[in-house]
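Trainee: Please find one structure pasted underneath; my questions will follow.
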Amino acid sequence: MNQPVTLPIDLKGIRELLPHRYPFLLIDRVVEVEHGKRVLAFKNVTGNEHFFQGHFPDRPVMPGVLVIEALAQAGGVLSQLTHGGSLTGRLSYLVKVDNAKFSRMVVPGDRLDLEVEIRREIRNMTLYCGVARVEGEQVACADILCAEVRA
């Protein structure tokens with residue numbers, strides 16, 4: 001079922017794999033894929049992100065929950081590429097987040113690197129382990145459980 005993937009996958013290609021759209025699409029590019037195993041993607045964090053208007057205007061910090069969401073979206077890309085890459089009739093929902101840890105703030109100008117591995121797949125559920133880094137330094141990590149349902 002693994003289809004050949006031309007890397008990097010740009011925003012247009014990501015939009016074909018995920019249902020998310022601005023302002024909630026949190027991946028800019030996919031640079032590495034090992035089908036059924038891992039993905040490496042990134043988001044360029046810019047000063048004009050909508051969430052910086054309120055978090056916080058004088059000291060902008062990317063909300064931690066959005067860093068976790070970006071990891072979940074990277075996991076979604078990995079699952080889509082592993083299982084055929086079609087959104088038709090399927091959506092994946094976040095079910096559970098465990099062991100979330102935030103080590104450093106993400107601020108405008110950072111490139112948020114998102115590395116996600118599939119730990120386990122059972123029926124319609126996938127457990128991912130994700131690590132977010134900026135300039136090689138871990139900023140967050142979490143175990144993320146998602147469930148795929150028919151739309």
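Letters A, B, ... mark the chains of the structure tokens in the order given; residue numbers begin at 1 per chain; ligand numbers begin at 1, in order shown.
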Where does DSSP see alpha helix (DSSP H) in range 25-91 of chain A, if you list the residues as a list in words?
Mentor: Gly64, Val65, Leu66, Val67, Ile68, Glu69, Ala70, Leu71, Ala72, Gln73, Ala74, Gly75, Gly76, Val77, Leu78, Ser79, Gln80, Leu81 and Thr82 of chain A
Trainee: With C-alpha atoms retained, export the selected residues as a JSON list (two decimals), in the first residue's frame.
Mentor:
[["chain", "number", "residue", "atom", "x", "y", "z"],
["A", 64, "GLY", "CA", 2.01, 24.40, 23.97],
["A", 65, "VAL", "CA", -1.27, 22.82, 22.92],
["A", 66, "LEU", "CA", -0.57, 23.95, 19.35],
["A", 67, "VAL", "CA", 2.89, 22.38, 19.46],
["A", 68, "ILE", "CA", 1.18, 19.11, 20.45],
["A", 69, "GLU", "CA", -1.40, 19.61, 17.68],
["A", 70, "ALA", "CA", 1.43, 20.11, 15.16],
["A", 71, "LEU", "CA", 2.94, 16.79, 16.29],
["A", 72, "ALA", "CA", -0.48, 15.12, 15.90],
["A", 73, "GLN", "CA", -0.82, 16.55, 12.38],
["A", 74, "ALA", "CA", 2.62, 15.20, 11.47],
["A", 75, "GLY", "CA", 1.42, 11.81, 12.74],
["A", 76, "GLY", "CA", -1.66, 12.16, 10.55],
["A", 77, "VAL", "CA", 0.54, 12.78, 7.51],
["A", 78, "LEU", "CA", 2.56, 9.66, 8.34],
["A", 79, "SER", "CA", -0.56, 7.53, 8.68],
["A", 80, "GLN", "CA", -2.05, 8.89, 5.46],
["A", 81, "LEU", "CA", 1.13, 8.17, 3.51],
["A", 82, "THR", "CA", 1.43, 4.70, 5.08]]
Trainee: What's around His50 in chain A at 12 Å? Count only C-alpha atoms, leave out sequence neighbours fewer than 2 positions away in its own chain, and write the answer as a list of chain:residue names.
Mentor: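 Contacts, with the query itself left out: A:Tyr22, A:Pro23, A:Phe24, A:Leu25, A:Leu26, A:Val45, A:Thr46, A:Gly47, A:Asn48, A:Phe52, A:Gln53, A:Gly54, A:His55, A:Phe56, A:Pro57, A:Pro60, A:Val61, A:Met62, A:Pro63, A:Leu66, A:Pro108.
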Trainee: So that I have them on file, write out the residues from the current selection with C-alpha atoms, as a PDB file, in the first residue's frame.
Mentor:
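Final output, saved to again.pdb:
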ATOM      1  CA  TYR A  22      -5.548  27.973   7.799  1.00  0.00           C
ATOM      2  CA  PRO A  23      -5.335  29.028  10.534  1.00  0.00           C
ATOM      3  CA  PHE A  24      -5.177  25.500  11.946  1.00  0.00           C
ATOM      4  CA  LEU A  25      -2.852  23.747   9.506  1.00  0.00           C
ATOM      5  CA  LEU A  26       0.391  23.655  11.495  1.00  0.00           C
ATOM      6  CA  VAL A  45       6.826  30.039  13.192  1.00  0.00           C
ATOM      7  CA  THR A  46       6.326  33.634  12.076  1.00  0.00           C
ATOM      8  CA  GLY A  47       5.428  36.773  13.983  1.00  0.00           C
ATOM      9  CA  ASN A  48       2.114  37.140  12.170  1.00  0.00           C
ATOM     10  CA  PHE A  52       0.324  35.626  18.875  1.00  0.00           C
ATOM     11  CA  GLN A  53      -2.332  38.376  18.941  1.00  0.00           C
ATOM     12  CA  GLY A  54      -3.412  37.139  22.357  1.00  0.00           C
ATOM     13  CA  HIS A  55      -0.594  34.811  23.490  1.00  0.00           C
ATOM     14  CA  PHE A  56       1.064  37.193  24.357  1.00  0.00           C
ATOM     15  CA  PRO A  57       1.113  40.516  22.463  1.00  0.00           C
ATOM     16  CA  PRO A  60       4.738  36.123  21.851  1.00  0.00           C
ATOM     17  CA  VAL A  61       4.924  32.416  22.682  1.00  0.00           C
ATOM     18  CA  MET A  62       3.416  29.577  20.640  1.00  0.00           C
ATOM     19  CA  PRO A  63       0.842  27.841  22.849  1.00  0.00           C
ATOM     20  CA  LEU A  66      -0.567  23.952  19.347  1.00  0.00           C
ATOM     21  CA  PRO A 108       8.537  33.920  16.258  1.00  0.00           C
TER      22      PRO A 108
END
Trainee: Find the residues around Ile9 in chain A up to 8 Å (only C-alpha atoms counted), leave out those fewer than 4 positions away in its own chain, and share them as JSON, numbers by chain.
Mentor: {"A": [13, 14, 29, 30, 31]}
Trainee: Deliver the residues from the most recent selection as a file, using C-alpha atoms, as a compact mmCIF listing (two decimals), in the first residue's frame.
Mentor:
# COMPACT_ATOMS: atom_id res chain seq x y z
CA GLY A 13 0.78 18.13 -0.90
CA ILE A 14 0.09 18.39 2.82
CA ARG A 29 6.77 20.89 4.84
CA VAL A 30 7.48 17.17 5.17
CA VAL A 31 11.16 16.34 4.64
Trainee: Write down as a compact mmCIF listing (two decimals) with C-alpha atoms, in the first residue's frame the residues belonging to chain A that are assigned strand (DSSP E or B) by DSSP computed on the backbone.
Mentor:
# COMPACT_ATOMS: atom_id res chain seq x y z
CA ILE A 9 6.13 17.46 0.43
CA ARG A 29 6.77 20.89 4.84
CA VAL A 30 7.48 17.17 5.17
CA VAL A 31 11.16 16.34 4.64
CA GLU A 32 11.53 12.65 5.60
CA VAL A 33 9.18 9.66 5.62
CA GLU A 34 9.69 6.02 6.58
CA ARG A 38 8.44 7.87 11.24
CA VAL A 39 8.09 11.28 9.67
CA LEU A 40 10.03 14.52 9.94
CA ALA A 41 8.18 17.73 9.15
CA PHE A 42 8.48 21.36 10.14
CA LYS A 43 6.58 24.56 10.74
CA ASN A 44 8.10 27.98 10.28
CA ARG A 90 -12.12 9.20 6.88
CA LEU A 91 -11.09 11.63 9.59
CA SER A 92 -8.64 11.18 12.44
CA TYR A 93 -9.39 12.63 15.86
CA LEU A 94 -7.15 13.25 18.84
CA VAL A 95 -8.18 10.88 21.64
CA LYS A 96 -5.50 11.17 24.30
CA VAL A 97 -2.22 12.91 25.10
CA ASP A 98 0.16 11.37 27.65
CA ASN A 99 3.56 12.31 28.99
CA ALA A 100 3.48 15.79 27.49
CA LYS A 101 6.53 17.80 28.48
CA PHE A 102 7.51 21.32 27.50
CA ARG A 111 11.62 26.60 12.83
CA LEU A 112 9.69 23.94 14.72
CA ASP A 113 10.97 20.51 13.66
CA LEU A 114 8.42 17.74 14.24
CA GLU A 115 9.59 14.13 14.47
CA VAL A 116 6.87 11.56 14.98
CA GLU A 117 7.07 7.77 15.20
CA ILE A 118 4.28 5.22 15.13
CA ARG A 119 4.51 3.17 18.30
CA ARG A 120 1.46 1.00 17.83
CA GLU A 121 -1.60 0.50 15.63
CA ILE A 122 -4.68 -1.32 16.85
CA MET A 125 -6.29 3.69 16.68
CA THR A 126 -2.69 4.81 16.31
CA LEU A 127 -0.29 5.66 19.12
CA TYR A 128 2.41 8.14 18.13
CA CYS A 129 5.49 9.33 19.98
CA GLY A 130 6.40 12.87 19.00
CA VAL A 131 9.30 15.19 19.69
CA ALA A 132 9.39 18.87 18.70
CA ARG A 133 12.75 20.60 18.38
CA VAL A 134 14.11 24.05 17.59
CA GLU A 137 17.04 21.32 21.07
CA GLN A 138 13.93 19.52 22.32
CA VAL A 139 11.11 21.95 23.10
CA ALA A 140 8.28 19.47 23.67
CA CYS A 141 7.40 15.81 23.52
CA ALA A 142 4.28 13.69 23.98
CA ASP A 143 2.62 10.34 23.36
CA ILE A 144 -0.45 10.98 21.21
CA LEU A 145 -3.35 8.61 20.57
CA CYS A 146 -5.58 9.23 17.55
CA ALA A 147 -8.63 7.38 16.28
CA GLU A 148 -9.74 7.20 12.67
CA VAL A 149 -13.48 7.33 12.06
CA ARG A 150 -15.68 7.32 9.01
Trainee: Which residue out of A:Gly109, A:Pro19, A:Gly84, A:Pro4 has the minimum interatomic distance to Glu135 in chain A when only C-alpha atoms are used?
Mentor: A:Gly109
Trainee: Tell me which of A:Pro8, A:Lys37, A:His20, A:Met105 sits closest to Arg59 in chain A, counting only C-alpha atoms.
Mentor: A:Met105
Trainee: Between CA of Arg123 in chain A and CA of Leu18 in chain A, what is the distance, to one decimal in Å?
Mentor: 20.2 Å
